[in-house]
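What follows is a single structure, written as structure tokens, with notes after it.
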Amino acid sequence: MKTLRECLKEAAAARRAVGHFNISNLEGLWSVFNAARERGVPVIIGVSEGERAFVGVRQVAALVSSLRDEYQYPIFLNADHTYSFDKVKEAIDAGFDAVIFDGTELPFEENVRVTRQCVEYARKVRPEIIVEGELGFIGKSSKVLSGIPDGVKISEEFLTKSEEAVKFVRETAVDLLAPAVGNIHGMLSGGRDPALNTGRVAEIARAANIPLVLHGASGNSAEDIKKAIIGGVVIVHVNTELRVAYRQALAISLQNHPDEVAPYKYLKDALLAMQKVVAEKIAIFNGISS
Ligand code: G3H
Ligand code: ZN
């Protein structure tokens with residue numbers, strides 16, 4: 001079976017992106033897996049520190065590898081936004097395929113130091129583990145927002161600069177870089193986020209010669225996402241749109257079936273609602289007309 005590294009290489013060569021979808025529970029896992037399998041594309045399950053504390057670190061690793069083994073399917077697991085070396089180490093030791101050290105709120109040199117430490121540990125344990133670094137703060141929560149998150153500035157001068165990306169990549173030896181290119185974590189309440197600076201995406205990818213990851217893609221237009229992929233993005237992260245779909249479908253389901261107490265019955269629509277969102281995103285990331 002292909003490794004994540006091989007899948008990313010193939011995606012980059014074909015100017016496609018692998019979808020990264022966050023989950024909080026088993027419904028999330030099945031929704032992502034079913035949608036990916038329908039299209040036959042590799043997929044990444046993401047769990048933030050909070051999400052994996054809820055699901056269980058070793059438990060989510062076991063769930064994802066059980067799907068991979070049973071279906072011989074390229075489904076991978078990423079320790080999303082991880083704020084300490086110890087938590088990165090915990091994920092690597094539990095068998096995750098990829099990890100992200102998020103040092104975006106740290107001074108540059110400290111971000112470099114801890115990211116480098118994560119890269120060195122991953123290489124020592126299993127060289128095929130993918131390590132991602134981040135440069136540029138884009139907010140911290142996958143939620144519906146009333147405005148741009150505190151501390152985030154999306155005007156051009158505040159976005160990740162290609163010179164700092166070059167230095168960061170050289171000093172850390174990361175496999176992937178997540179820059180701030182006008183993207184924000186979470187989604188504005190109207191459902192449409194500000195435009196991405198896709199010119200900056202291409203500039204950074206070219207200068208740093210590294211595949212990029214687009215975080216915070218809930219609320220971004222399909223056109224912007226496609227341009228970002230052409231510019232050098234190989235993984236696109238989506239979370240808020242799935243959370244919204246789950247919650248809305250669950251509320252309707254509970255309202256429509258007030259006497260139903262079997263979770264596998266009243267949760268079914270919520271699973272399908274997330275699956276629909278994942279399928280739409282996968283079509284965009286792979287240039288499939290839906
Ligand atoms: O790492 C997670 C993502 O970047 C999700 O962002 O909630 O804006 O889709 P989002
Ligand atoms: Zn993110």
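Ordering of the structure tokens sets the chain letters (A, B, ...); residue numbers start at 1 within each chain; ligands are numbered from 1 in the order shown.
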
Exercise for the section: Can you tell me which residues come within 8 Å of ligand 1 when counting only C-alpha atoms and all ligand atoms, ideally as number ranges by chain? Expected result: A: 20-22, 46, 48, 80-81, 141-143, 183-187, 214-219, 236-242

Write out as an mmCIF file with N, CA and C atoms, in the first residue's frame each polymer residue whose atoms come within 9 Å of Asn34 of chain A, counting only C-alpha atoms; drop sequence neighbours fewer than 5 positions from it.
```cif
data_model
loop_
_atom_site.group_PDB
_atom_site.id
_atom_site.type_symbol
_atom_site.label_atom_id
_atom_site.label_comp_id
_atom_site.auth_asym_id
_atom_site.auth_seq_id
_atom_site.Cartn_x
_atom_site.Cartn_y
_atom_site.Cartn_z
ATOM 1 N N LEU A 29 -15.488 9.753 11.425
ATOM 2 C CA LEU A 29 -14.554 8.845 10.744
ATOM 3 C C LEU A 29 -15.230 8.152 9.562
ATOM 4 N N ARG A 39 -14.835 7.937 -4.091
ATOM 5 C CA ARG A 39 -14.023 8.548 -5.156
ATOM 6 C C ARG A 39 -12.696 7.842 -5.376
ATOM 7 N N GLN A 275 -20.785 13.515 5.396
ATOM 8 C CA GLN A 275 -20.277 12.778 4.221
ATOM 9 C C GLN A 275 -20.485 13.595 2.931
ATOM 10 N N ALA A 279 -17.596 14.842 0.447
ATOM 11 C CA ALA A 279 -17.616 14.473 -0.977
ATOM 12 C C ALA A 279 -17.469 15.717 -1.859
#
```

Practice task
Determine which residues of segment 78-245 of chain A receive a DSSP assignment of strand (DSSP E or B), computed from the backbone, and state them as a PyMOL selection string.
Solution key: chain A and resi 78-82+98-101+130-135+144-145+176-179+187-188+212-214+233-238

Handout entry: segment 94-101 of chain A surroundings by only C-alpha atoms, 10 Å radius, close-in-sequence under 5 positions cut, as a ChimeraX atom specification
Key = /A:3-5,44-48,57-62,64-65,75-85,87-89,111-112,114-119,122,125-126,128-134,174-178

Members of segment 133-277 of chain A assigned helix (DSSP H, G or I) by DSSP, as an mmCIF file with N, CA and C atoms, in the first residue's frame:
```cif
data_model
loop_
_atom_site.group_PDB
_atom_site.id
_atom_site.type_symbol
_atom_site.label_atom_id
_atom_site.label_comp_id
_atom_site.auth_asym_id
_atom_site.auth_seq_id
_atom_site.Cartn_x
_atom_site.Cartn_y
_atom_site.Cartn_z
ATOM 1 N N GLU A 156 -1.927 42.055 3.222
ATOM 2 C CA GLU A 156 -0.735 41.479 2.593
ATOM 3 C C GLU A 156 0.539 41.504 3.445
ATOM 4 N N GLU A 157 0.783 42.645 4.114
ATOM 5 C CA GLU A 157 2.061 42.778 4.839
ATOM 6 C C GLU A 157 2.161 41.837 6.043
ATOM 7 N N PHE A 158 1.018 41.287 6.487
ATOM 8 C CA PHE A 158 1.055 40.406 7.664
ATOM 9 C C PHE A 158 1.085 38.919 7.296
ATOM 10 N N SER A 162 7.886 34.950 1.861
ATOM 11 C CA SER A 162 8.650 33.828 1.311
ATOM 12 C C SER A 162 10.057 33.736 1.906
ATOM 13 N N GLU A 163 10.674 34.888 2.257
ATOM 14 C CA GLU A 163 12.038 34.813 2.840
ATOM 15 C C GLU A 163 12.008 34.074 4.177
ATOM 16 N N GLU A 164 10.979 34.358 5.017
ATOM 17 C CA GLU A 164 10.944 33.654 6.311
ATOM 18 C C GLU A 164 10.603 32.180 6.120
ATOM 19 N N ALA A 165 9.803 31.892 5.097
ATOM 20 C CA ALA A 165 9.472 30.480 4.820
ATOM 21 C C ALA A 165 10.737 29.723 4.404
ATOM 22 N N VAL A 166 11.560 30.351 3.574
ATOM 23 C CA VAL A 166 12.808 29.711 3.122
ATOM 24 C C VAL A 166 13.684 29.390 4.331
ATOM 25 N N LYS A 167 13.839 30.356 5.219
ATOM 26 C CA LYS A 167 14.694 30.192 6.407
ATOM 27 C C LYS A 167 14.111 29.102 7.332
ATOM 28 N N PHE A 168 12.794 29.144 7.514
ATOM 29 C CA PHE A 168 12.135 28.178 8.405
ATOM 30 C C PHE A 168 12.307 26.753 7.882
ATOM 31 N N VAL A 169 12.093 26.581 6.591
ATOM 32 C CA VAL A 169 12.188 25.236 5.993
ATOM 33 C C VAL A 169 13.635 24.742 6.059
ATOM 34 N N ARG A 170 14.576 25.635 5.766
ATOM 35 C CA ARG A 170 15.988 25.239 5.789
ATOM 36 C C ARG A 170 16.405 24.830 7.205
ATOM 37 N N GLU A 171 15.949 25.577 8.206
ATOM 38 C CA GLU A 171 16.420 25.327 9.573
ATOM 39 C C GLU A 171 15.678 24.192 10.284
ATOM 40 N N THR A 172 14.489 23.849 9.789
ATOM 41 C CA THR A 172 13.726 22.790 10.487
ATOM 42 C C THR A 172 13.737 21.453 9.751
ATOM 43 N N THR A 198 -3.656 33.878 -3.361
ATOM 44 C CA THR A 198 -3.101 32.701 -4.043
ATOM 45 C C THR A 198 -1.768 33.023 -4.728
ATOM 46 N N GLY A 199 -1.547 34.317 -4.982
ATOM 47 C CA GLY A 199 -0.234 34.723 -5.514
ATOM 48 C C GLY A 199 0.848 34.436 -4.482
ATOM 49 N N ARG A 200 0.533 34.738 -3.206
ATOM 50 C CA ARG A 200 1.513 34.502 -2.135
ATOM 51 C C ARG A 200 1.746 32.999 -1.944
ATOM 52 N N VAL A 201 0.699 32.204 -2.134
ATOM 53 C CA VAL A 201 0.847 30.742 -2.030
ATOM 54 C C VAL A 201 1.928 30.286 -3.010
ATOM 55 N N ALA A 202 1.776 30.687 -4.264
ATOM 56 C CA ALA A 202 2.708 30.245 -5.316
ATOM 57 C C ALA A 202 4.126 30.760 -5.047
ATOM 58 N N GLU A 203 4.198 31.996 -4.561
ATOM 59 C CA GLU A 203 5.510 32.607 -4.276
ATOM 60 C C GLU A 203 6.250 31.815 -3.189
ATOM 61 N N ILE A 204 5.538 31.475 -2.125
ATOM 62 C CA ILE A 204 6.158 30.740 -1.008
ATOM 63 C C ILE A 204 6.566 29.335 -1.463
ATOM 64 N N ALA A 205 5.661 28.664 -2.177
ATOM 65 C CA ALA A 205 5.964 27.283 -2.604
ATOM 66 C C ALA A 205 7.211 27.267 -3.484
ATOM 67 N N ARG A 206 7.304 28.240 -4.375
ATOM 68 C CA ARG A 206 8.444 28.307 -5.297
ATOM 69 C C ARG A 206 9.732 28.618 -4.524
ATOM 70 N N ALA A 207 9.675 29.643 -3.685
ATOM 71 C CA ALA A 207 10.888 30.088 -2.982
ATOM 72 C C ALA A 207 11.383 29.021 -2.005
ATOM 73 N N ALA A 208 10.467 28.417 -1.253
ATOM 74 C CA ALA A 208 10.884 27.461 -0.210
ATOM 75 C C ALA A 208 10.998 26.044 -0.751
ATOM 76 N N ALA A 222 -14.441 27.615 -3.957
ATOM 77 C CA ALA A 222 -13.818 26.518 -4.708
ATOM 78 C C ALA A 222 -12.746 27.076 -5.647
ATOM 79 N N GLU A 223 -12.990 28.239 -6.225
ATOM 80 C CA GLU A 223 -12.030 28.839 -7.169
ATOM 81 C C GLU A 223 -10.719 29.154 -6.461
ATOM 82 N N ASP A 224 -10.819 29.766 -5.273
ATOM 83 C CA ASP A 224 -9.603 30.102 -4.517
ATOM 84 C C ASP A 224 -8.833 28.837 -4.145
ATOM 85 N N ILE A 225 -9.570 27.823 -3.701
ATOM 86 C CA ILE A 225 -8.910 26.580 -3.284
ATOM 87 C C ILE A 225 -8.204 25.942 -4.484
ATOM 88 N N LYS A 226 -8.867 25.938 -5.617
ATOM 89 C CA LYS A 226 -8.246 25.348 -6.824
ATOM 90 C C LYS A 226 -6.986 26.112 -7.210
ATOM 91 N N LYS A 227 -7.051 27.450 -7.131
ATOM 92 C CA LYS A 227 -5.866 28.252 -7.466
ATOM 93 C C LYS A 227 -4.727 27.971 -6.483
ATOM 94 N N ALA A 228 -5.087 27.796 -5.215
ATOM 95 C CA ALA A 228 -4.060 27.503 -4.208
ATOM 96 C C ALA A 228 -3.398 26.149 -4.499
ATOM 97 N N ILE A 229 -4.183 25.200 -4.957
ATOM 98 C CA ILE A 229 -3.637 23.869 -5.284
ATOM 99 C C ILE A 229 -2.690 23.993 -6.479
ATOM 100 N N ILE A 230 -3.087 24.751 -7.479
ATOM 101 C CA ILE A 230 -2.206 24.977 -8.638
ATOM 102 C C ILE A 230 -0.903 25.646 -8.168
ATOM 103 N N GLY A 231 -1.036 26.515 -7.159
ATOM 104 C CA GLY A 231 0.133 27.238 -6.645
ATOM 105 C C GLY A 231 1.068 26.388 -5.805
ATOM 106 N N THR A 240 -14.640 23.209 10.257
ATOM 107 C CA THR A 240 -15.876 23.900 10.676
ATOM 108 C C THR A 240 -17.093 23.492 9.851
ATOM 109 N N GLU A 241 -16.937 23.396 8.551
ATOM 110 C CA GLU A 241 -18.101 23.065 7.711
ATOM 111 C C GLU A 241 -18.674 21.689 8.077
ATOM 112 N N LEU A 242 -17.802 20.773 8.492
ATOM 113 C CA LEU A 242 -18.285 19.443 8.914
ATOM 114 C C LEU A 242 -19.020 19.544 10.249
ATOM 115 N N ARG A 243 -18.459 20.342 11.149
ATOM 116 C CA ARG A 243 -19.099 20.508 12.464
ATOM 117 C C ARG A 243 -20.494 21.125 12.308
ATOM 118 N N VAL A 244 -20.589 22.105 11.432
ATOM 119 C CA VAL A 244 -21.878 22.777 11.220
ATOM 120 C C VAL A 244 -22.873 21.787 10.620
ATOM 121 N N ALA A 245 -22.444 21.029 9.635
ATOM 122 C CA ALA A 245 -23.334 20.061 8.977
ATOM 123 C C ALA A 245 -23.831 19.017 9.982
ATOM 124 N N TYR A 246 -22.924 18.543 10.822
ATOM 125 C CA TYR A 246 -23.267 17.530 11.830
ATOM 126 C C TYR A 246 -24.323 18.068 12.795
ATOM 127 N N ARG A 247 -24.035 19.245 13.308
ATOM 128 C CA ARG A 247 -24.929 19.813 14.328
ATOM 129 C C ARG A 247 -26.304 20.133 13.765
ATOM 130 N N GLN A 248 -26.322 20.728 12.580
ATOM 131 C CA GLN A 248 -27.625 21.079 11.988
ATOM 132 C C GLN A 248 -28.443 19.816 11.708
ATOM 133 N N ALA A 249 -27.807 18.806 11.134
ATOM 134 C CA ALA A 249 -28.535 17.574 10.793
ATOM 135 C C ALA A 249 -28.998 16.856 12.058
ATOM 136 N N LEU A 250 -28.168 16.898 13.092
ATOM 137 C CA LEU A 250 -28.545 16.245 14.351
ATOM 138 C C LEU A 250 -29.749 16.942 14.982
ATOM 139 N N ALA A 251 -29.752 18.269 14.961
ATOM 140 C CA ALA A 251 -30.866 19.028 15.546
ATOM 141 C C ALA A 251 -32.168 18.669 14.831
ATOM 142 N N ILE A 252 -32.110 18.605 13.510
ATOM 143 C CA ILE A 252 -33.321 18.283 12.735
ATOM 144 C C ILE A 252 -33.764 16.859 13.042
ATOM 145 N N SER A 253 -32.811 15.952 13.103
ATOM 146 C CA SER A 253 -33.117 14.549 13.355
ATOM 147 C C SER A 253 -33.797 14.372 14.722
ATOM 148 N N LEU A 254 -33.280 15.058 15.729
ATOM 149 C CA LEU A 254 -33.867 14.931 17.077
ATOM 150 C C LEU A 254 -35.274 15.530 17.116
ATOM 151 N N GLN A 255 -35.416 16.614 16.353
ATOM 152 C CA GLN A 255 -36.729 17.266 16.297
ATOM 153 C C GLN A 255 -37.747 16.363 15.585
ATOM 154 N N ASN A 256 -37.299 15.740 14.506
ATOM 155 C CA ASN A 256 -38.212 14.891 13.721
ATOM 156 C C ASN A 256 -38.540 13.561 14.393
ATOM 157 N N PRO A 263 -29.045 5.762 19.322
ATOM 158 C CA PRO A 263 -28.115 6.705 18.679
ATOM 159 C C PRO A 263 -27.791 6.338 17.236
ATOM 160 N N TYR A 264 -27.667 5.035 16.941
ATOM 161 C CA TYR A 264 -27.289 4.678 15.566
ATOM 162 C C TYR A 264 -28.396 5.034 14.579
ATOM 163 N N LYS A 265 -29.600 5.301 15.087
ATOM 164 C CA LYS A 265 -30.689 5.743 14.200
ATOM 165 C C LYS A 265 -30.718 7.268 14.094
ATOM 166 N N TYR A 266 -30.708 7.957 15.240
ATOM 167 C CA TYR A 266 -30.855 9.419 15.112
ATOM 168 C C TYR A 266 -29.550 10.116 14.698
ATOM 169 N N LYS A 268 -27.682 8.939 12.158
ATOM 170 C CA LYS A 268 -27.414 8.560 10.768
ATOM 171 C C LYS A 268 -27.397 9.789 9.824
ATOM 172 N N ASP A 269 -28.402 10.672 9.991
ATOM 173 C CA ASP A 269 -28.471 11.838 9.099
ATOM 174 C C ASP A 269 -27.282 12.779 9.310
ATOM 175 N N ALA A 270 -26.824 12.839 10.553
ATOM 176 C CA ALA A 270 -25.677 13.711 10.839
ATOM 177 C C ALA A 270 -24.427 13.173 10.142
ATOM 178 N N LEU A 271 -24.286 11.860 10.164
ATOM 179 C CA LEU A 271 -23.156 11.227 9.463
ATOM 180 C C LEU A 271 -23.244 11.531 7.958
ATOM 181 N N LEU A 272 -24.443 11.358 7.404
ATOM 182 C CA LEU A 272 -24.617 11.573 5.956
ATOM 183 C C LEU A 272 -24.408 13.039 5.574
ATOM 184 N N ALA A 273 -24.800 13.942 6.471
ATOM 185 C CA ALA A 273 -24.615 15.374 6.187
ATOM 186 C C ALA A 273 -23.120 15.697 6.102
ATOM 187 N N MET A 274 -22.337 15.120 7.000
ATOM 188 C CA MET A 274 -20.884 15.352 6.940
ATOM 189 C C MET A 274 -20.297 14.697 5.690
ATOM 190 N N GLN A 275 -20.785 13.515 5.396
ATOM 191 C CA GLN A 275 -20.277 12.778 4.221
ATOM 192 C C GLN A 275 -20.485 13.595 2.931
ATOM 193 N N LYS A 276 -21.619 14.275 2.858
ATOM 194 C CA LYS A 276 -21.923 15.099 1.679
ATOM 195 C C LYS A 276 -20.906 16.252 1.565
ATOM 196 N N VAL A 277 -20.612 16.881 2.689
ATOM 197 C CA VAL A 277 -19.635 17.980 2.661
ATOM 198 C C VAL A 277 -18.271 17.446 2.234
#
```

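Nearest to ligand 2 of all the residues A:Glu109, A:Glu120, A:Glu49, A:Asp150 is A:Glu49, based on only C-alpha atoms and all ligand atoms.
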
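In this structure, atom CA of Asn220 of chain A sits 6.1 Å away from atom CA of Arg192 of chain A.
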
Problem - Near-Arg16 of chain A list (6 Å; only C-alpha atoms; drop same-chain fewer than 4 positions) as JSON, numbers by chain - result: {"A": [11, 285, 286]}

Handout entry: Contacts of Gly151 of chain A within 10 Å, only C-alpha atoms, excl. fewer than 4 positions in-chain, as a PyMOL selection string
Key = chain A and resi 105+137-139

Residue selection dump (C-alpha atoms) as a short mmCIF file (atom, residue, chain, number, x, y, z; two decimals), in the first residue's frame:
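Output below, filename part_15.cif:
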```
data_model
loop_
_atom_site.label_atom_id
_atom_site.label_comp_id
_atom_site.auth_asym_id
_atom_site.auth_seq_id
_atom_site.Cartn_x
_atom_site.Cartn_y
_atom_site.Cartn_z
CA GLU A 105 2.25 32.03 18.55
CA PHE A 137 -1.06 32.84 13.00
CA ILE A 138 -4.52 32.24 11.49
CA GLY A 139 -6.61 31.73 14.67
#
```
